[in-house]
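K.L.:
The file below is coords-v3.csv, CSV, C-alpha atoms and all ligand atoms:
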chain,number,residue,atom,x,y,z
A,30,MET,CA,134.4,117.1,101.7
A,31,MET,CA,133.5,119.1,98.7
A,32,THR,CA,130.1,120.8,98.1
A,33,ILE,CA,128.7,121.5,94.7
A,34,GLN,CA,125.8,123.9,94.7
A,35,PHE,CA,123.1,122.8,92.3
A,36,ASN,CA,120.0,125.0,91.8
A,37,GLY,CA,120.0,125.8,95.5
A,38,THR,CA,120.5,122.2,96.5
A,39,PRO,CA,123.9,121.4,98.0
A,40,ILE,CA,125.5,118.2,96.8
A,41,HIS,CA,128.0,117.1,99.5
A,42,VAL,CA,130.6,114.7,98.1
A,43,GLY,CA,132.7,112.9,100.8
A,44,SER,CA,132.3,110.9,103.9
A,45,LEU,CA,128.9,111.3,105.5
A,46,GLU,CA,130.6,111.6,108.8
A,47,SER,CA,132.6,114.7,107.8
A,48,GLY,CA,130.1,117.4,108.8
A,49,PRO,CA,127.2,118.6,106.7
A,50,PHE,CA,125.1,115.5,107.3
A,51,ASN,CA,125.4,116.1,111.1
A,52,VAL,CA,124.5,119.7,110.6
A,53,LEU,CA,121.3,118.7,108.7
A,54,LEU,CA,120.3,116.2,111.3
A,55,GLU,CA,120.7,118.9,113.9
A,56,GLU,CA,118.5,121.2,111.9
A,57,TYR,CA,115.8,118.5,111.7
A,58,SER,CA,116.4,117.3,115.3
A,59,THR,CA,112.9,117.9,116.4
A,60,ARG,CA,111.3,116.5,113.3
A,61,LYS,CA,110.3,112.9,112.5
A,62,LYS,CA,112.4,111.1,110.0
A,63,VAL,CA,111.4,108.4,107.5
A,64,ILE,CA,114.2,106.4,105.9
A,65,VAL,CA,113.3,104.7,102.6
A,66,VAL,CA,115.5,101.6,101.7
A,67,ASP,CA,115.1,98.6,99.5
A,68,GLU,CA,116.0,95.1,100.6
A,69,ASN,CA,119.7,95.4,99.6
A,70,THR,CA,120.4,98.9,100.9
A,71,HIS,CA,118.6,97.7,104.1
A,72,ASP,CA,121.1,94.9,104.4
A,73,CYS,CA,124.2,96.8,103.2
A,74,CYS,CA,123.8,100.4,104.1
A,75,LEU,CA,121.2,101.0,106.8
A,76,GLU,CA,123.1,99.6,109.7
A,77,TYR,CA,126.1,101.9,109.0
A,78,LEU,CA,123.7,104.9,108.9
A,79,LEU,CA,122.0,104.0,112.2
A,80,THR,CA,125.3,103.2,114.0
A,81,ALA,CA,127.1,106.3,112.8
A,82,PHE,CA,124.2,108.6,113.5
A,83,PRO,CA,122.4,107.4,116.6
A,84,SER,CA,119.8,110.2,116.4
A,85,LEU,CA,118.4,108.2,113.4
A,86,GLU,CA,117.6,105.2,115.5
A,87,GLU,CA,114.1,106.5,116.1
A,88,ALA,CA,113.4,107.0,112.4
A,89,GLU,CA,110.7,105.0,110.7
A,90,VAL,CA,112.2,102.7,108.2
A,91,MET,CA,110.2,102.0,105.0
A,92,LEU,CA,111.6,98.7,103.5
A,93,LEU,CA,110.7,98.3,99.9
A,94,PRO,CA,111.2,95.3,97.6
A,95,ALA,CA,114.3,95.9,95.3
A,96,GLY,CA,114.0,96.2,91.5
A,97,GLU,CA,112.6,98.4,88.8
A,98,GLU,CA,109.3,96.5,88.8
A,99,ASN,CA,108.7,98.0,92.2
A,100,LYS,CA,109.0,101.6,91.0
A,101,ALA,CA,105.3,101.6,90.9
A,102,LEU,CA,102.3,103.5,92.4
A,103,GLU,CA,101.2,100.4,94.3
A,104,VAL,CA,104.4,100.7,96.4
A,105,CYS,CA,103.8,104.5,96.9
A,106,TYR,CA,100.3,103.8,98.3
A,107,GLN,CA,101.7,101.5,100.9
A,108,VAL,CA,104.4,104.0,101.9
A,109,TRP,CA,101.9,107.0,102.0
A,110,SER,CA,99.6,104.9,104.2
A,111,ALA,CA,102.4,104.0,106.6
A,112,MET,CA,103.4,107.6,106.7
A,113,LEU,CA,99.9,108.6,107.7
A,114,GLU,CA,99.8,105.9,110.3
A,115,TYR,CA,103.1,107.3,111.8
A,116,GLN,CA,101.6,110.8,111.6
A,117,ILE,CA,104.4,112.2,109.4
A,118,ASN,CA,103.7,115.9,108.9
A,119,ARG,CA,104.6,118.7,106.6
A,120,ASN,CA,107.7,119.6,108.6
A,121,ASP,CA,109.2,116.1,108.7
A,122,LEU,CA,112.0,114.6,106.6
A,123,VAL,CA,112.3,111.7,104.2
A,124,ILE,CA,115.7,110.2,103.7
A,125,ASN,CA,116.1,108.1,100.6
A,126,LEU,CA,119.0,105.6,101.0
A,127,GLY,CA,119.4,103.6,97.9
A,128,GLY,CA,120.0,103.4,94.2
A,129,GLY,CA,118.0,105.2,91.5
A,130,VAL,CA,114.9,103.2,92.1
A,131,VAL,CA,114.8,104.3,95.8
A,132,THR,CA,115.6,107.9,95.1
A,133,ASP,CA,113.1,108.2,92.1
A,134,LEU,CA,110.4,106.5,94.2
A,135,GLY,CA,111.2,108.1,97.6
A,136,GLY,CA,111.6,111.5,96.0
A,137,PHE,CA,108.2,111.2,94.3
A,138,ILE,CA,106.6,109.9,97.6
A,139,ALA,CA,107.9,112.9,99.5
A,140,SER,CA,107.3,115.5,96.8
A,141,VAL,CA,103.5,114.9,96.7
A,142,TYR,CA,102.8,113.7,100.3
A,143,LYS,CA,100.7,116.5,102.0
A,144,ARG,CA,101.6,118.6,98.9
A,145,GLY,CA,105.3,118.0,99.4
A,146,ILE,CA,107.6,117.5,102.4
A,147,ASP,CA,111.4,117.8,102.7
A,148,PHE,CA,113.5,115.0,101.5
A,149,ILE,CA,117.2,114.2,101.0
A,150,HIS,CA,119.0,111.7,98.8
A,151,ILE,CA,121.8,109.5,99.9
A,152,PRO,CA,122.6,107.6,96.7
A,153,THR,CA,124.2,104.2,97.3
A,154,SER,CA,124.7,103.0,93.7
A,155,LEU,CA,127.1,104.5,91.1
A,156,MET,CA,124.1,105.2,88.9
A,157,GLY,CA,122.5,107.1,91.7
A,158,MET,CA,125.6,109.1,92.5
A,159,VAL,CA,126.4,110.2,89.0
A,160,ASP,CA,122.9,110.7,87.7
A,161,ALA,CA,119.7,109.4,89.2
A,162,ALA,CA,119.9,111.3,92.5
A,163,ILE,CA,120.9,114.5,90.8
A,164,GLY,CA,118.5,116.9,89.0
A,165,GLY,CA,115.3,116.7,90.9
A,166,LYS,CA,113.4,114.3,88.7
A,167,ASN,CA,111.3,111.9,90.7
A,168,GLY,CA,108.8,109.3,89.5
A,169,VAL,CA,107.4,105.9,88.9
A,170,ASP,CA,106.6,103.7,86.0
A,171,LEU,CA,103.1,102.9,84.8
A,172,ASN,CA,101.8,99.9,82.8
A,173,GLY,CA,105.4,98.9,81.9
A,174,LEU,CA,106.3,102.4,80.7
A,175,LYS,CA,109.2,104.2,82.3
A,176,ASN,CA,108.8,107.3,84.5
A,177,ILE,CA,105.2,108.1,83.4
A,178,ILE,CA,104.1,109.6,86.7
A,179,GLY,CA,106.4,112.0,88.4
A,180,THR,CA,107.5,115.4,89.6
A,181,ILE,CA,110.5,117.7,89.2
A,182,THR,CA,111.2,118.7,92.8
A,183,GLN,CA,114.7,119.2,94.2
A,184,PRO,CA,115.7,117.5,97.5
A,185,GLN,CA,117.0,119.6,100.4
A,186,ALA,CA,120.4,118.1,100.0
A,187,ILE,CA,122.3,115.2,98.4
A,188,PHE,CA,125.1,113.3,100.1
A,189,VAL,CA,127.4,111.4,97.8
A,190,ASP,CA,129.6,109.0,99.9
A,191,ALA,CA,131.5,106.6,97.7
A,192,GLY,CA,132.1,104.4,100.7
A,193,PHE,CA,128.6,102.9,100.0
A,194,LEU,CA,129.9,101.5,96.7
A,195,GLU,CA,132.0,98.9,98.6
A,196,THR,CA,129.0,96.5,98.7
A,197,LEU,CA,127.6,97.3,95.2
A,198,PRO,CA,127.8,94.3,92.9
A,199,ALA,CA,130.2,94.7,89.9
A,200,GLU,CA,127.4,94.6,87.4
A,201,GLU,CA,125.8,97.6,89.1
A,202,ILE,CA,129.1,99.5,88.9
A,203,PHE,CA,129.0,99.0,85.1
A,204,ASN,CA,125.4,100.2,85.0
A,205,GLY,CA,126.6,103.5,86.5
A,206,TYR,CA,129.5,103.6,84.0
A,207,ALA,CA,126.9,103.7,81.2
A,208,GLU,CA,125.5,107.0,82.4
A,209,MET,CA,129.0,108.4,82.9
A,210,LEU,CA,129.8,107.5,79.2
A,211,LYS,CA,126.6,109.2,78.2
A,212,HIS,CA,127.7,112.5,80.0
A,213,ALA,CA,131.0,112.3,78.1
A,214,LEU,CA,129.5,111.5,74.7
A,215,ILE,CA,127.1,114.4,74.8
A,216,LEU,CA,129.4,117.0,76.4
A,217,ASP,CA,133.0,116.3,77.0
A,218,VAL,CA,135.4,114.5,74.6
A,219,ALA,CA,138.3,114.8,77.1
A,220,TYR,CA,136.2,113.0,79.8
A,221,TRP,CA,135.4,110.4,77.2
A,222,ASN,CA,139.1,109.8,76.5
A,223,GLN,CA,139.6,109.2,80.2
A,224,LEU,CA,136.6,106.9,80.6
A,225,LYS,CA,137.0,104.8,77.6
A,226,VAL,CA,140.2,103.1,78.8
A,227,LEU,CA,138.8,102.2,82.3
A,228,ASN,CA,138.4,98.5,83.0
A,229,THR,CA,138.3,97.6,86.6
A,230,GLU,CA,135.6,98.4,89.2
A,231,GLU,CA,138.2,100.3,91.2
A,232,GLU,CA,139.0,102.5,88.2
A,233,LEU,CA,135.3,103.1,87.5
A,234,ILE,CA,134.5,104.5,90.9
A,235,GLN,CA,137.2,107.1,91.1
A,236,LEU,CA,135.9,110.2,92.9
A,237,THR,CA,137.2,112.5,90.2
A,238,ASN,CA,135.0,110.9,87.6
A,239,ILE,CA,132.0,110.8,89.9
A,240,ILE,CA,132.5,114.6,90.4
A,241,ARG,CA,133.0,115.2,86.7
A,242,SER,CA,129.7,113.5,85.9
A,243,ILE,CA,127.8,115.5,88.6
A,244,GLU,CA,129.3,118.7,87.2
A,245,LEU,CA,128.2,117.9,83.7
A,246,LYS,CA,124.7,117.0,84.8
A,247,LYS,CA,124.6,120.2,86.8
A,248,GLN,CA,125.7,122.3,83.8
A,249,VAL,CA,122.8,120.9,81.6
A,250,VAL,CA,120.1,120.9,84.2
A,251,GLU,CA,120.8,124.3,85.6
A,252,ALA,CA,120.6,125.7,82.1
A,253,ASP,CA,117.2,124.1,81.5
A,254,PRO,CA,115.6,122.7,84.8
A,255,THR,CA,112.2,121.9,83.3
A,256,GLU,CA,113.5,120.1,80.1
A,257,LYS,CA,112.4,122.6,77.5
A,258,GLY,CA,115.6,122.2,75.4
A,259,GLN,CA,119.2,121.3,76.4
A,260,ARG,CA,118.2,119.0,79.3
A,261,LYS,CA,117.0,116.6,76.6
A,262,LEU,CA,120.6,115.9,75.8
A,263,LEU,CA,120.6,113.7,78.9
A,264,ASN,CA,118.2,111.5,77.1
A,265,PHE,CA,120.9,110.3,74.7
A,266,GLY,CA,120.6,106.5,74.5
A,267,HIS,CA,117.3,106.6,76.4
A,268,SER,CA,114.8,106.6,73.5
A,269,LEU,CA,115.9,103.1,72.4
A,270,GLY,CA,117.2,102.3,75.9
A,271,HIS,CA,113.8,102.9,77.7
A,272,ALA,CA,112.0,100.9,75.0
A,273,LEU,CA,114.4,98.0,75.4
A,274,GLU,CA,114.1,98.2,79.2
A,275,SER,CA,110.3,98.2,79.1
A,276,TYR,CA,110.3,95.4,76.5
A,277,PHE,CA,112.5,93.1,78.6
A,278,LEU,CA,110.9,94.1,81.9
A,279,SER,CA,108.1,91.5,81.6
A,280,LYS,CA,110.4,88.8,80.1
A,281,GLN,CA,114.0,88.9,81.4
A,282,PRO,CA,114.6,92.3,83.0
A,283,ILE,CA,117.7,94.2,82.0
A,284,ALA,CA,119.2,96.9,84.1
A,285,HIS,CA,118.6,100.6,83.3
A,286,GLY,CA,122.4,101.2,82.7
A,287,HIS,CA,122.6,98.1,80.4
A,288,ALA,CA,119.6,99.3,78.4
A,289,VAL,CA,121.1,102.8,78.1
A,290,ALA,CA,124.4,101.3,76.9
A,291,LEU,CA,122.6,99.4,74.1
A,292,GLY,CA,120.5,102.5,73.4
A,293,MET,CA,123.7,104.6,73.0
A,294,ILE,CA,125.1,102.1,70.4
A,295,GLY,CA,121.7,102.2,68.5
A,296,GLU,CA,121.4,106.0,68.6
A,297,SER,CA,125.0,106.5,67.6
A,298,TYR,CA,124.5,104.0,64.8
A,299,VAL,CA,121.5,106.1,63.5
A,300,SER,CA,123.7,109.2,63.7
A,301,TYR,CA,126.4,107.5,61.7
A,302,LYS,CA,124.0,106.1,59.1
A,303,ARG,CA,122.7,109.6,58.6
A,304,GLY,CA,126.2,110.7,57.7
A,305,VAL,CA,126.4,113.0,60.8
A,306,LEU,CA,128.7,111.0,63.0
A,307,ALA,CA,132.0,109.9,61.5
A,308,LEU,CA,132.5,106.1,61.1
A,309,ASP,CA,135.7,106.1,63.3
A,310,ALA,CA,133.8,107.8,66.1
A,311,TYR,CA,130.9,105.3,65.8
A,312,ARG,CA,133.3,102.4,65.9
A,313,GLU,CA,135.1,103.8,69.0
A,314,ILE,CA,131.8,104.1,70.8
A,315,GLU,CA,130.6,100.6,69.8
A,316,GLN,CA,134.0,99.0,70.8
A,317,CYS,CA,134.0,100.8,74.2
A,318,ILE,CA,130.5,99.6,75.1
A,319,ILE,CA,130.8,96.1,73.7
A,320,ARG,CA,133.9,95.7,75.9
A,321,VAL,CA,131.9,95.8,79.1
A,322,PHE,CA,128.2,95.2,78.3
A,323,PRO,CA,126.6,92.0,77.0
A,324,MET,CA,124.9,92.5,73.6
A,325,LEU,CA,121.3,91.1,73.4
A,326,GLU,CA,119.5,89.4,70.6
A,327,ILE,CA,116.3,91.2,69.7
A,328,PRO,CA,113.8,89.0,68.0
A,329,GLU,CA,112.7,90.5,64.6
A,330,GLU,CA,109.1,90.2,65.7
A,331,ALA,CA,109.9,92.5,68.7
A,332,ILE,CA,110.7,95.4,66.5
A,333,GLU,CA,107.1,96.6,66.0
A,334,GLU,CA,106.5,96.4,69.7
A,335,LEU,CA,109.7,98.3,70.5
A,336,ILE,CA,108.7,101.1,68.0
A,337,GLU,CA,105.2,101.3,69.7
A,338,LEU,CA,106.9,101.6,73.1
A,339,MET,CA,109.1,104.4,71.7
A,340,ARG,CA,106.0,106.2,70.4
A,341,ASN,CA,104.5,106.0,74.0
A,342,ASP,CA,107.7,107.4,75.5
A,343,LYS,CA,106.9,110.5,77.4
A,344,LYS,CA,109.9,112.3,75.8
A,345,ASN,CA,108.0,112.3,72.5
A,346,GLU,CA,106.0,115.2,71.0
A,347,ARG,CA,103.4,114.7,68.3
A,348,ASN,CA,103.9,110.9,68.3
A,349,ALA,CA,107.3,111.4,66.6
A,350,LEU,CA,110.2,109.1,67.6
A,351,ASN,CA,112.5,111.7,69.2
A,352,PHE,CA,116.1,111.0,69.9
A,353,VAL,CA,119.4,112.7,70.6
A,354,LEU,CA,121.6,112.8,67.5
A,355,LEU,CA,125.3,112.5,68.1
A,356,GLU,CA,127.4,114.9,65.9
A,357,SER,CA,130.8,113.9,67.2
A,358,ILE,CA,132.1,112.6,70.5
A,359,GLY,CA,131.3,115.3,73.0
A,360,LYS,CA,128.7,117.1,70.9
A,361,ALA,CA,125.0,116.3,70.4
A,362,GLN,CA,121.8,117.8,69.1
A,363,VAL,CA,118.4,117.5,70.7
A,364,ASN,CA,114.9,117.1,69.1
A,365,ALA,CA,116.0,114.9,66.2
A,366,GLU,CA,113.4,112.4,64.9
A,367,MET,CA,114.0,108.9,63.8
A,368,THR,CA,112.0,107.1,61.2
A,369,SER,CA,110.6,103.6,62.1
A,370,SER,CA,112.9,102.1,59.5
A,371,GLU,CA,115.9,103.7,61.2
A,372,VAL,CA,114.8,102.3,64.5
A,373,GLY,CA,114.4,98.8,62.9
A,374,GLU,CA,117.9,99.1,61.3
A,375,ALA,CA,119.5,100.1,64.6
A,376,LEU,CA,117.8,97.2,66.4
A,377,LEU,CA,118.8,94.7,63.8
A,378,HIS,CA,122.4,96.0,64.0
A,379,LEU,CA,122.3,95.5,67.8
A,380,SER,CA,121.1,92.0,67.3
A,381,LEU,CA,123.9,91.3,64.8
A,382,LEU,CA,126.4,92.5,67.4
A,383,ALA,CA,125.0,90.0,69.8
A,384,GLN,CA,125.4,87.2,67.2
A,385,HIS,CA,128.9,88.1,66.2
A,386,GLY,CA,130.2,90.1,69.2
A,387,ASN,CA,130.0,87.9,72.3
A,401,LIG,N1,115.8,110.7,88.1
A,401,LIG,C1,116.7,110.7,87.2
A,401,LIG,O1,117.2,111.7,86.7
A,401,LIG,C2,117.3,109.4,86.8
A,401,LIG,C3,118.5,109.3,86.1
A,401,LIG,C4,119.0,108.0,85.7
A,401,LIG,C5,118.4,106.9,86.2
A,401,LIG,N2,117.2,107.0,86.9
A,401,LIG,C6,116.5,105.8,87.4
A,401,LIG,O2,117.3,105.1,88.2
A,401,LIG,C7,117.0,103.7,88.2
A,401,LIG,C8,118.2,102.9,88.1
A,401,LIG,O3,119.1,103.2,89.2
A,401,LIG,P1,120.1,102.0,89.8
A,401,LIG,O4,120.8,101.5,88.6
A,401,LIG,O5,120.8,102.6,90.9
A,401,LIG,O6,119.0,100.9,90.2
A,401,LIG,P2,118.6,100.3,91.6
A,401,LIG,O7,118.1,101.3,92.5
A,401,LIG,O8,117.6,99.2,91.3
A,401,LIG,O9,119.9,99.7,92.2
A,401,LIG,C9,120.5,98.6,91.5
A,401,LIG,C10,120.7,97.4,92.5
A,401,LIG,O10,121.8,97.7,93.4
A,401,LIG,C11,121.3,97.5,94.7
A,401,LIG,N3,122.1,98.5,95.6
A,401,LIG,C12,122.1,99.8,95.5
A,401,LIG,N4,123.0,100.3,96.3
A,401,LIG,C13,123.7,99.2,96.9
A,401,LIG,C14,124.8,99.1,97.7
A,401,LIG,N5,125.5,100.2,98.2
A,401,LIG,N6,125.2,97.9,98.1
A,401,LIG,C15,124.5,96.7,97.6
A,401,LIG,N7,123.5,96.8,96.7
A,401,LIG,C16,123.1,98.1,96.4
A,401,LIG,C17,119.8,97.8,94.7
A,401,LIG,O11,119.1,97.2,95.7
A,401,LIG,C18,119.5,97.2,93.3
A,401,LIG,O12,119.3,95.8,93.5
A,401,LIG,C19,116.0,103.5,87.1
A,401,LIG,O13,114.7,103.4,87.6
A,401,LIG,C20,116.2,104.8,86.3
A,401,LIG,O14,115.0,105.1,85.6
A,401,LIG,C21,116.7,108.2,87.2
Translate the structure described by the file into structure tokens.
Ligand SMILES: NC(=O)c1ccc[n+]([C@@H]2O[C@H](COP(=O)([O-])OP(=O)(O)OC[C@H]3O[C@@H](n4cnc5c(N)ncnc54)[C@H](O)[C@@H]3O)[C@@H](O)[C@H]2O)c1
P.N.:
Amino acid sequence: MMTIQFNGTPIHVGSLESGPFNVLLEEYSTRKKVIVVDENTHDCCLEYLLTAFPSLEEAEVMLLPAGEENKALEVCYQVWSAMLEYQINRNDLVINLGGGVVTDLGGFIASVYKRGIDFIHIPTSLMGMVDAAIGGKNGVDLNGLKNIIGTITQPQAIFVDAGFLETLPAEEIFNGYAEMLKHALILDVAYWNQLKVLNTEEELIQLTNIIRSIELKKQVVEADPTEKGQRKLLNFGHSLGHALESYFLSKQPIAHGHAVALGMIGESYVSYKRGVLALDAYREIEQCIIRVFPMLEIPEEAIEELIELMRNDKKNERNALNFVLLESIGKAQVNAEMTSSEVGEALLHLSLLAQHGN
């Protein structure tokens, strides 16, 4: 068991059974507990939790439908109503057991219920372990736009037990890999060199890499917890990525990690076309991502809609199209602005990769 201290929140990495989780349960032994799961973590993760920690048998389980389309206020209303019915109070504890959707949603639910009650995250997806559960951002989507309503509130603790990844589908492992690549591209060329050669799921879930990603996210968030400056680095790939994720959500949803992977190619392409990122570096990034993520055709008529979605992105200021400019592998710059024609060019380039690449 290793513990990383993060802005006062301990992140325990290792088997849940190895100590700190039992200590926490002991601390909350007289409090009620609510466990938030989605359909898949209900089936794959909950039984283990209840068997290994019998004191949780009395917890109220909130079973949510799986999928990004359920990261919505309507689902929160239902959980808040159930929590009222179960007389959950200020001193009680919410345990979020799931991927990024459950931790974003459950964290938000707990952070505003009765003006905020304690919550912990037990991320069960690679995406959750390396990124979504770390950093205190909680929230839901609104009208098809990502993370529009939310809070920045840290959980009491985070428990990263890679044992949960045994049941995670391969595609979801690759979605987590996308965020790990992002950490490397913006901050750490040595980490990039390690990640870019990984192929199999077993290689991708190595604990040393999970820990490296947590450390990199910690470094950025601790320096700028409320996202005034450097924390925006973590948005690399997300300006285009969120627009693509929102665009496809009502058609044929694509996973957050997949959208970020496409967004990272697009934003690296803009960085290259501006003459900032070297061609070799751009090609290396493109090759690494194409190797594992399917490219998507983006209809030309979608480009206007995607630009509009980007304008509505909450990361923007003054209606500009903000993005993170990559200077080299391991070094990036926040608060750059893209023109609409650069966005159009990047999207057309992604489409061409789909036509020629796969
Ligand atoms: N708050 C943040 O800082 C932050 C950062 C990155 C991403 N996010 C958010 O995270 C979400 C994406 O997270 P995600 O990729 O984990 O999505 P997800 O929560 O939808 O999980 C992906 C799929 O895997 C299933 N699953 C999870 N753990 C499992 C397990 N152990 N076994 C079997 N199935 C399992 C889920 O039910 C789901 O079907 C997005 O909403 C994104 O916006 C938030």
K.L.:
Which residues are near ligand LIG 401 (chain A) in this structure, taking near to mean any atom at most 7 Å from a ligand atom and counting all atoms listed in the file? Format them as an MDAnalysis selection string.
P.N.:
chainID A and resid 67:70 73:74 95:97 100 127:131 133 153:157 160:167 175:176 193:198 201 204:205 284:286
K.L.:
Could those selected residues go to a file with C-alpha atoms, as a short mmCIF file (atom, residue, chain, number, x, y, z; two decimals), in the coordinates of the input?
P.N.:
data_model
loop_
_atom_site.label_atom_id
_atom_site.label_comp_id
_atom_site.auth_asym_id
_atom_site.auth_seq_id
_atom_site.Cartn_x
_atom_site.Cartn_y
_atom_site.Cartn_z
CA ASP A 67 115.10 98.60 99.50
CA GLU A 68 116.00 95.10 100.60
CA ASN A 69 119.70 95.40 99.60
CA THR A 70 120.40 98.90 100.90
CA CYS A 73 124.20 96.80 103.20
CA CYS A 74 123.80 100.40 104.10
CA ALA A 95 114.30 95.90 95.30
CA GLY A 96 114.00 96.20 91.50
CA GLU A 97 112.60 98.40 88.80
CA LYS A 100 109.00 101.60 91.00
CA GLY A 127 119.40 103.60 97.90
CA GLY A 128 120.00 103.40 94.20
CA GLY A 129 118.00 105.20 91.50
CA VAL A 130 114.90 103.20 92.10
CA VAL A 131 114.80 104.30 95.80
CA ASP A 133 113.10 108.20 92.10
CA THR A 153 124.20 104.20 97.30
CA SER A 154 124.70 103.00 93.70
CA LEU A 155 127.10 104.50 91.10
CA MET A 156 124.10 105.20 88.90
CA GLY A 157 122.50 107.10 91.70
CA ASP A 160 122.90 110.70 87.70
CA ALA A 161 119.70 109.40 89.20
CA ALA A 162 119.90 111.30 92.50
CA ILE A 163 120.90 114.50 90.80
CA GLY A 164 118.50 116.90 89.00
CA GLY A 165 115.30 116.70 90.90
CA LYS A 166 113.40 114.30 88.70
CA ASN A 167 111.30 111.90 90.70
CA LYS A 175 109.20 104.20 82.30
CA ASN A 176 108.80 107.30 84.50
CA PHE A 193 128.60 102.90 100.00
CA LEU A 194 129.90 101.50 96.70
CA GLU A 195 132.00 98.90 98.60
CA THR A 196 129.00 96.50 98.70
CA LEU A 197 127.60 97.30 95.20
CA PRO A 198 127.80 94.30 92.90
CA GLU A 201 125.80 97.60 89.10
CA ASN A 204 125.40 100.20 85.00
CA GLY A 205 126.60 103.50 86.50
CA ALA A 284 119.20 96.90 84.10
CA HIS A 285 118.60 100.60 83.30
CA GLY A 286 122.40 101.20 82.70
#
K.L.:
How far is it from CA of Ser357 in chain A to CA of Leu306 in chain A, in Å with one decimal?
P.N.:
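Interatomic distance here is 5.5 Å.
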K.L.:
So which residues touch His378 in chain A within 10 Å, counting all atoms listed in the file, skipping near sequence neighbours fewer than 5 positions away, as a VMD selection string?
P.N.:
chain A and resid 294 to 295 298 326 to 327 372 to 373 383 to 384
K.L.:
How would the residues just picked look written out with C-alpha atoms as a CSV table (one decimal), in the coordinates of the input?
P.N.:
chain,number,residue,atom,x,y,z
A,294,ILE,CA,125.1,102.1,70.4
A,295,GLY,CA,121.7,102.2,68.5
A,298,TYR,CA,124.5,104.0,64.8
A,326,GLU,CA,119.5,89.4,70.6
A,327,ILE,CA,116.3,91.2,69.7
A,372,VAL,CA,114.8,102.3,64.5
A,373,GLY,CA,114.4,98.8,62.9
A,383,ALA,CA,125.0,90.0,69.8
A,384,GLN,CA,125.4,87.2,67.2
K.L.:
Find the distance between CA of Ser242 in chain A and CA of Met209 in chain A and write it in Å to one decimal.
P.N.:
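Atom-to-atom, CA of Ser242 in chain A and CA of Met209 in chain A are spaced 6.0 Å apart.
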K.L.:
Please check which residues have atoms at most 10 Å from (109.3, 117.8, 90.5) in the file's coordinates, counting all atoms listed in the file, and write them as a list in words.
P.N.:
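Taken together, the residues in range are Gly136, Phe137, Ser140, Val141, Gly145, Gly164, Gly165, Lys166, Asn167, Gly168, Gly179, Thr180, Ile181, Thr182, Gln183, Pro184, Pro254 and Thr255 of chain A.
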K.L.:
Taking only C-alpha atoms into account, which of A:Val305, A:Met339, A:Ile124, A:Met158 comes nearest Leu75 in chain A?
P.N.:
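The closest residue to Leu75 in chain A is A:Ile124.
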K.L.:
Which one of A:Asn99, A:Gln362, A:Asn222, A:Ser44 sits closest to Leu134 in chain A if you count all atoms listed in the file?
P.N.:
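Smallest distance to Leu134 in chain A is found for A:Asn99.
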K.L.:
Calculate how many Å separate CA of Val123 in chain A from CA of Ala88 in chain A, rounding to one decimal.
P.N.:
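Spanning CA of Val123 in chain A to CA of Ala88 in chain A is a straight-line distance of 9.5 Å.
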K.L.:
From the set A:Phe203, A:Tyr220, A:Phe82, A:Tyr77, which residue has the shortest atom-to-atom contact distance to Ile358 in chain A, counting only C-alpha atoms?
P.N.:
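Answer, going by the shortest atom-to-atom distance: A:Tyr220.
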K.L.:
Identify which of the residues A:Tyr142, A:Tyr276, A:Tyr57, A:Phe50 lies closest to Ile336 in chain A, counting all atoms listed in the file when measuring atom-to-atom distances.
P.N.:
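For Ile336 in chain A, the nearest of the candidates is A:Tyr276.
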K.L.:
Select, from A:Glu208, A:Glu251, A:Glu346, A:Glu334, the residue with the minimum atom-to-atom distance to Ala288 in chain A, counting only C-alpha atoms.
P.N.:
A:Glu208
K.L.:
Quick one: everything within 12 Å of Val108 in chain A, counting all atoms listed in the file, minus sequence neighbours fewer than 3 positions away in the same chain. Send it as a list in words.
P.N.:
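Here the answer would be Val63, Ile64, Val65, Val66, Glu89, Val90, Met91, Leu92, Leu93, Pro94, Ala101, Leu102, Glu103, Val104, Cys105, Ala111, Met112, Leu113, Glu114, Tyr115, Ile117, Val123, Leu134, Gly135, Gly136, Phe137, Ile138, Ala139 and Tyr142 of chain A.
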K.L.:
Choose the residue, out of A:Glu56, A:Glu200, A:Glu46, A:Glu86, that has the smallest atom-to-atom separation from Ile283 in chain A; count all atoms listed in the file.
P.N.:
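Residue with the minimum atom-to-atom distance to Ile283 in chain A: A:Glu200.
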